[in-house]
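So this block is my_file.csv, CSV, N, CA and C atoms:
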```
chain,number,residue,atom,x,y,z
B,1,MET,N,-19.2,8.6,-12.0
B,1,MET,CA,-18.4,9.1,-11.0
B,1,MET,C,-17.0,8.6,-11.2
B,2,THR,N,-16.0,9.5,-11.2
B,2,THR,CA,-14.6,9.0,-11.3
B,2,THR,C,-13.9,9.1,-10.0
B,3,HIS,N,-13.0,8.2,-9.8
B,3,HIS,CA,-12.2,8.2,-8.5
B,3,HIS,C,-10.7,8.5,-8.9
B,4,LYS,N,-10.3,9.6,-8.4
B,4,LYS,CA,-8.9,10.0,-8.7
B,4,LYS,C,-8.1,9.8,-7.4
B,5,GLU,N,-7.0,9.1,-7.5
B,5,GLU,CA,-6.1,9.0,-6.3
B,5,GLU,C,-5.5,10.3,-6.0
B,6,LEU,N,-5.5,10.6,-4.8
B,6,LEU,CA,-4.9,11.9,-4.3
B,6,LEU,C,-3.4,11.7,-4.3
B,7,THR,N,-2.6,12.7,-4.6
B,7,THR,CA,-1.2,12.8,-4.4
B,7,THR,C,-0.9,13.2,-3.0
B,8,ILE,N,0.3,13.1,-2.6
B,8,ILE,CA,0.7,13.5,-1.2
B,8,ILE,C,0.4,15.0,-1.1
B,9,ALA,N,0.7,15.8,-2.2
B,9,ALA,CA,0.5,17.2,-2.2
B,9,ALA,C,-1.0,17.5,-2.0
B,10,ASP,N,-1.9,16.7,-2.8
B,10,ASP,CA,-3.3,16.9,-2.7
B,10,ASP,C,-3.8,16.7,-1.2
B,11,VAL,N,-3.3,15.7,-0.6
B,11,VAL,CA,-3.7,15.4,0.8
B,11,VAL,C,-3.3,16.5,1.7
B,12,LEU,N,-2.1,16.9,1.6
B,12,LEU,CA,-1.6,18.0,2.5
B,12,LEU,C,-2.2,19.3,2.3
B,13,ASN,N,-2.8,19.6,1.1
B,13,ASN,CA,-3.4,20.8,0.8
B,13,ASN,C,-4.9,20.8,1.0
B,14,ASP,N,-5.5,19.6,1.4
B,14,ASP,CA,-6.9,19.5,1.6
B,14,ASP,C,-7.3,20.2,2.9
B,15,PRO,N,-8.3,21.1,2.9
B,15,PRO,CA,-8.6,21.9,4.1
B,15,PRO,C,-9.1,21.0,5.2
B,16,LEU,N,-9.9,20.0,4.9
B,16,LEU,CA,-10.5,19.1,5.9
B,16,LEU,C,-9.4,18.3,6.6
B,17,ILE,N,-8.5,17.7,5.7
B,17,ILE,CA,-7.4,17.0,6.3
B,17,ILE,C,-6.5,17.8,7.1
B,18,ARG,N,-6.3,19.1,6.7
B,18,ARG,CA,-5.5,20.0,7.5
B,18,ARG,C,-6.1,20.3,8.9
B,19,GLN,N,-7.4,20.4,8.9
B,19,GLN,CA,-8.1,20.6,10.2
B,19,GLN,C,-7.9,19.4,11.1
B,20,VAL,N,-8.1,18.2,10.5
B,20,VAL,CA,-7.9,17.0,11.3
B,20,VAL,C,-6.5,16.9,11.8
B,21,MET,N,-5.5,17.2,11.0
B,21,MET,CA,-4.1,17.2,11.4
B,21,MET,C,-3.9,18.1,12.6
B,22,ARG,N,-4.4,19.3,12.5
B,22,ARG,CA,-4.3,20.3,13.6
B,22,ARG,C,-4.9,19.8,14.8
B,23,ALA,N,-6.1,19.2,14.7
B,23,ALA,CA,-6.8,18.7,15.9
B,23,ALA,C,-6.0,17.5,16.5
B,24,ASP,N,-5.4,16.7,15.7
B,24,ASP,CA,-4.6,15.6,16.2
B,24,ASP,C,-3.1,15.9,16.5
B,25,ARG,N,-2.8,17.2,16.3
B,25,ARG,CA,-1.4,17.7,16.5
B,25,ARG,C,-0.4,16.9,15.6
B,26,VAL,N,-0.7,16.8,14.4
B,26,VAL,CA,0.2,16.1,13.4
B,26,VAL,C,0.8,17.2,12.5
B,27,SER,N,2.1,17.2,12.5
B,27,SER,CA,2.8,18.2,11.7
B,27,SER,C,2.7,17.8,10.2
B,28,VAL,N,3.0,18.8,9.3
B,28,VAL,CA,3.0,18.6,7.9
B,28,VAL,C,4.2,17.6,7.6
B,29,THR,N,5.3,17.8,8.3
B,29,THR,CA,6.4,16.9,8.0
B,29,THR,C,6.1,15.4,8.5
B,30,GLY,N,5.4,15.3,9.6
B,30,GLY,CA,5.0,14.0,10.1
B,30,GLY,C,4.0,13.3,9.2
B,31,MET,N,3.1,14.1,8.7
B,31,MET,CA,2.1,13.5,7.7
B,31,MET,C,2.8,13.1,6.4
B,32,THR,N,3.7,14.0,5.9
B,32,THR,CA,4.4,13.7,4.7
B,32,THR,C,5.2,12.4,4.9
B,33,ASN,N,5.9,12.2,6.0
B,33,ASN,CA,6.6,11.0,6.2
B,33,ASN,C,5.7,9.8,6.3
B,34,LEU,N,4.6,9.9,7.0
B,34,LEU,CA,3.6,8.8,7.1
B,34,LEU,C,3.1,8.4,5.7
B,35,LEU,N,2.8,9.4,4.9
B,35,LEU,CA,2.2,9.1,3.5
B,35,LEU,C,3.3,8.5,2.6
B,36,ARG,N,4.5,9.0,2.7
B,36,ARG,CA,5.6,8.4,1.9
B,36,ARG,C,5.9,7.0,2.3
B,37,ASP,N,5.9,6.7,3.6
B,37,ASP,CA,6.2,5.4,4.1
B,37,ASP,C,5.0,4.4,3.7
B,38,ALA,N,3.8,4.9,3.8
B,38,ALA,CA,2.7,4.0,3.3
B,38,ALA,C,2.7,3.7,1.9
B,39,ALA,N,3.1,4.7,1.1
B,39,ALA,CA,3.2,4.5,-0.4
B,39,ALA,C,4.3,3.5,-0.7
B,40,HIS,N,5.5,3.6,0.0
B,40,HIS,CA,6.6,2.7,-0.2
B,40,HIS,C,6.2,1.3,0.2
B,41,ARG,N,5.5,1.1,1.3
B,41,ARG,CA,5.0,-0.2,1.8
B,41,ARG,C,4.0,-0.8,0.8
B,42,LEU,N,3.1,0.0,0.3
B,42,LEU,CA,2.1,-0.5,-0.7
B,42,LEU,C,2.8,-0.9,-2.0
B,43,LYS,N,3.8,-0.1,-2.4
B,43,LYS,CA,4.5,-0.5,-3.6
B,43,LYS,C,5.3,-1.8,-3.4
B,44,SER,N,5.9,-2.0,-2.3
B,44,SER,CA,6.7,-3.2,-1.9
B,44,SER,C,5.7,-4.4,-1.9
B,45,ALA,N,4.6,-4.2,-1.3
B,45,ALA,CA,3.6,-5.3,-1.2
B,45,ALA,C,3.1,-5.7,-2.6
B,46,LYS,N,2.9,-4.8,-3.4
B,46,LYS,CA,2.4,-5.1,-4.8
B,46,LYS,C,3.5,-5.8,-5.5
B,47,THR,N,4.8,-5.4,-5.3
B,47,THR,CA,5.9,-6.1,-6.0
B,47,THR,C,6.0,-7.6,-5.5
B,48,LEU,N,5.9,-7.8,-4.2
B,48,LEU,CA,6.0,-9.1,-3.7
B,48,LEU,C,4.8,-10.0,-4.2
B,49,ARG,N,3.6,-9.4,-4.2
B,49,ARG,CA,2.5,-10.1,-4.7
B,49,ARG,C,2.7,-10.5,-6.2
B,50,GLY,N,3.2,-9.6,-7.0
B,50,GLY,CA,3.5,-9.8,-8.4
B,50,GLY,C,4.5,-11.0,-8.6
B,51,LYS,N,5.5,-11.0,-7.7
B,51,LYS,CA,6.5,-12.1,-7.8
B,51,LYS,C,5.9,-13.4,-7.5
B,52,ALA,N,5.0,-13.5,-6.5
B,52,ALA,CA,4.3,-14.7,-6.2
B,52,ALA,C,3.4,-15.2,-7.3
B,53,ASP,N,2.7,-14.2,-8.0
B,53,ASP,CA,1.8,-14.5,-9.1
B,53,ASP,C,2.5,-15.2,-10.2
B,54,ILE,N,3.8,-14.8,-10.5
B,54,ILE,CA,4.5,-15.4,-11.6
B,54,ILE,C,5.4,-16.6,-11.2
B,55,GLY,N,5.2,-17.0,-10.0
B,55,GLY,CA,5.9,-18.2,-9.5
B,55,GLY,C,7.3,-18.0,-9.0
B,56,LEU,N,7.7,-16.8,-8.6
B,56,LEU,CA,9.0,-16.6,-8.1
B,56,LEU,C,9.1,-16.6,-6.6
B,57,GLN,N,8.1,-17.2,-5.9
B,57,GLN,CA,8.0,-17.1,-4.5
B,57,GLN,C,9.1,-17.9,-3.8
B,58,ASP,N,9.9,-18.7,-4.5
B,58,ASP,CA,11.0,-19.5,-3.9
B,58,ASP,C,12.0,-18.6,-3.2
B,59,GLY,N,12.3,-17.4,-3.8
B,59,GLY,CA,13.3,-16.5,-3.2
B,59,GLY,C,12.7,-15.7,-2.1
B,60,LEU,N,11.5,-15.7,-1.8
B,60,LEU,CA,10.9,-14.9,-0.8
B,60,LEU,C,10.9,-15.6,0.6
B,61,ASN,N,10.7,-14.8,1.6
B,61,ASN,CA,10.5,-15.4,2.9
B,61,ASN,C,9.3,-16.3,2.8
B,62,PRO,N,9.4,-17.6,3.3
B,62,PRO,CA,8.3,-18.5,3.2
B,62,PRO,C,6.9,-18.0,3.7
B,63,ILE,N,6.9,-17.2,4.8
B,63,ILE,CA,5.7,-16.7,5.3
B,63,ILE,C,5.1,-15.7,4.3
B,64,VAL,N,5.9,-14.8,3.8
B,64,VAL,CA,5.5,-13.8,2.8
B,64,VAL,C,5.0,-14.5,1.6
B,65,ALA,N,5.7,-15.5,1.1
B,65,ALA,CA,5.3,-16.2,-0.1
B,65,ALA,C,3.9,-16.9,0.1
B,66,ALA,N,3.7,-17.5,1.3
B,66,ALA,CA,2.5,-18.2,1.6
B,66,ALA,C,1.3,-17.2,1.6
B,67,ALA,N,1.6,-16.1,2.2
B,67,ALA,CA,0.5,-15.1,2.3
B,67,ALA,C,0.2,-14.5,0.9
B,68,ALA,N,1.2,-14.3,0.1
B,68,ALA,CA,1.0,-13.8,-1.3
B,68,ALA,C,0.2,-14.8,-2.1
B,69,CYS,N,0.5,-16.1,-1.9
B,69,CYS,CA,-0.2,-17.1,-2.7
B,69,CYS,C,-1.7,-17.2,-2.2
B,70,LYS,N,-1.8,-17.1,-0.9
B,70,LYS,CA,-3.2,-17.2,-0.3
B,70,LYS,C,-4.1,-16.1,-0.8
B,71,ASP,N,-3.5,-14.9,-0.9
B,71,ASP,CA,-4.2,-13.7,-1.4
B,71,ASP,C,-4.6,-13.8,-2.9
B,72,THR,N,-3.7,-14.4,-3.7
B,72,THR,CA,-3.9,-14.4,-5.1
B,72,THR,C,-4.0,-15.7,-5.8
B,73,TRP,N,-4.2,-16.8,-5.1
B,73,TRP,CA,-4.2,-18.1,-5.6
B,73,TRP,C,-5.4,-18.3,-6.6
B,74,ARG,N,-5.1,-18.9,-7.7
B,74,ARG,CA,-6.1,-19.3,-8.7
B,74,ARG,C,-5.9,-20.8,-9.0
B,75,PRO,N,-6.9,-21.5,-9.5
B,75,PRO,CA,-6.8,-22.9,-9.7
B,75,PRO,C,-5.6,-23.3,-10.6
B,76,HIS,N,-5.2,-22.4,-11.5
B,76,HIS,CA,-4.1,-22.8,-12.5
B,76,HIS,C,-2.7,-22.6,-11.9
B,77,GLN,N,-2.7,-22.1,-10.6
B,77,GLN,CA,-1.4,-21.8,-10.0
B,77,GLN,C,-1.1,-22.9,-8.9
B,78,SER,N,0.1,-23.1,-8.7
B,78,SER,CA,0.5,-24.1,-7.6
B,78,SER,C,1.2,-23.3,-6.5
B,79,CYS,N,0.7,-23.4,-5.3
B,79,CYS,CA,1.3,-22.9,-4.1
B,79,CYS,C,1.6,-24.0,-3.1
B,80,GLY,N,1.8,-25.2,-3.6
B,80,GLY,CA,2.1,-26.3,-2.8
B,80,GLY,C,0.8,-26.9,-2.2
B,81,ARG,N,-0.3,-26.7,-2.8
B,81,ARG,CA,-1.6,-27.3,-2.4
B,81,ARG,C,-1.9,-28.5,-3.1
```
Show me the file's structure as structure tokens.
Amino acid sequence: MTHKELTIADVLNDPLIRQVMRADRVSVTGMTNLLRDAAHRLKSAKTLRGKADIGLQDGLNPIVAAAACKDTWRPHQSCGR
């Protein structure tokens, strides 16, 4: 079984998703904006996590750096513990 990530176009063209959007009164524009915002936030979170992984958390907001270290900490890394 393979898992393919859907593109925004795939999501917007899926008949079941379109039915749910209609039932929830969500416009195509609204759904597009929601998906683009989610993709942007996910990409930003991955970038922040990657910076914490390589020890660049000093330039990050302390709360974000602590959360990133907590999520990805391994014994060979130092997050002030």
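Pairwise distance (CA of Leu12 (chain B), CA of Val28 (chain B)) equals 7.1 Å.
Coordinates place CA of Leu6 (chain B) at a distance of 14.3 Å from CA of Arg18 (chain B).
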Checklist entry - Mind listing as a list in words all residues within 7 Å of (-2.3, 14.4, 3.1), counting all atoms listed in the file? => result Thr7, Ile8, Ala9, Asp10, Val11, Leu12, Asn13, Asp14, Ile17, Met31, Thr32 and Leu35 of chain B
Write to file, as a tab-separated table (two decimals), keeping the file's coordinate frame, the residues of the selection just made, with N, CA and C atoms.
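selection14.tsv was written with the following content:
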```
chain	number	residue	atom	x	y	z
B	7	THR	N	-2.60	12.70	-4.60
B	7	THR	CA	-1.20	12.80	-4.40
B	7	THR	C	-0.90	13.20	-3.00
B	8	ILE	N	0.30	13.10	-2.60
B	8	ILE	CA	0.70	13.50	-1.20
B	8	ILE	C	0.40	15.00	-1.10
B	9	ALA	N	0.70	15.80	-2.20
B	9	ALA	CA	0.50	17.20	-2.20
B	9	ALA	C	-1.00	17.50	-2.00
B	10	ASP	N	-1.90	16.70	-2.80
B	10	ASP	CA	-3.30	16.90	-2.70
B	10	ASP	C	-3.80	16.70	-1.20
B	11	VAL	N	-3.30	15.70	-0.60
B	11	VAL	CA	-3.70	15.40	0.80
B	11	VAL	C	-3.30	16.50	1.70
B	12	LEU	N	-2.10	16.90	1.60
B	12	LEU	CA	-1.60	18.00	2.50
B	12	LEU	C	-2.20	19.30	2.30
B	13	ASN	N	-2.80	19.60	1.10
B	13	ASN	CA	-3.40	20.80	0.80
B	13	ASN	C	-4.90	20.80	1.00
B	14	ASP	N	-5.50	19.60	1.40
B	14	ASP	CA	-6.90	19.50	1.60
B	14	ASP	C	-7.30	20.20	2.90
B	17	ILE	N	-8.50	17.70	5.70
B	17	ILE	CA	-7.40	17.00	6.30
B	17	ILE	C	-6.50	17.80	7.10
B	31	MET	N	3.10	14.10	8.70
B	31	MET	CA	2.10	13.50	7.70
B	31	MET	C	2.80	13.10	6.40
B	32	THR	N	3.70	14.00	5.90
B	32	THR	CA	4.40	13.70	4.70
B	32	THR	C	5.20	12.40	4.90
B	35	LEU	N	2.80	9.40	4.90
B	35	LEU	CA	2.20	9.10	3.50
B	35	LEU	C	3.30	8.50	2.60
```
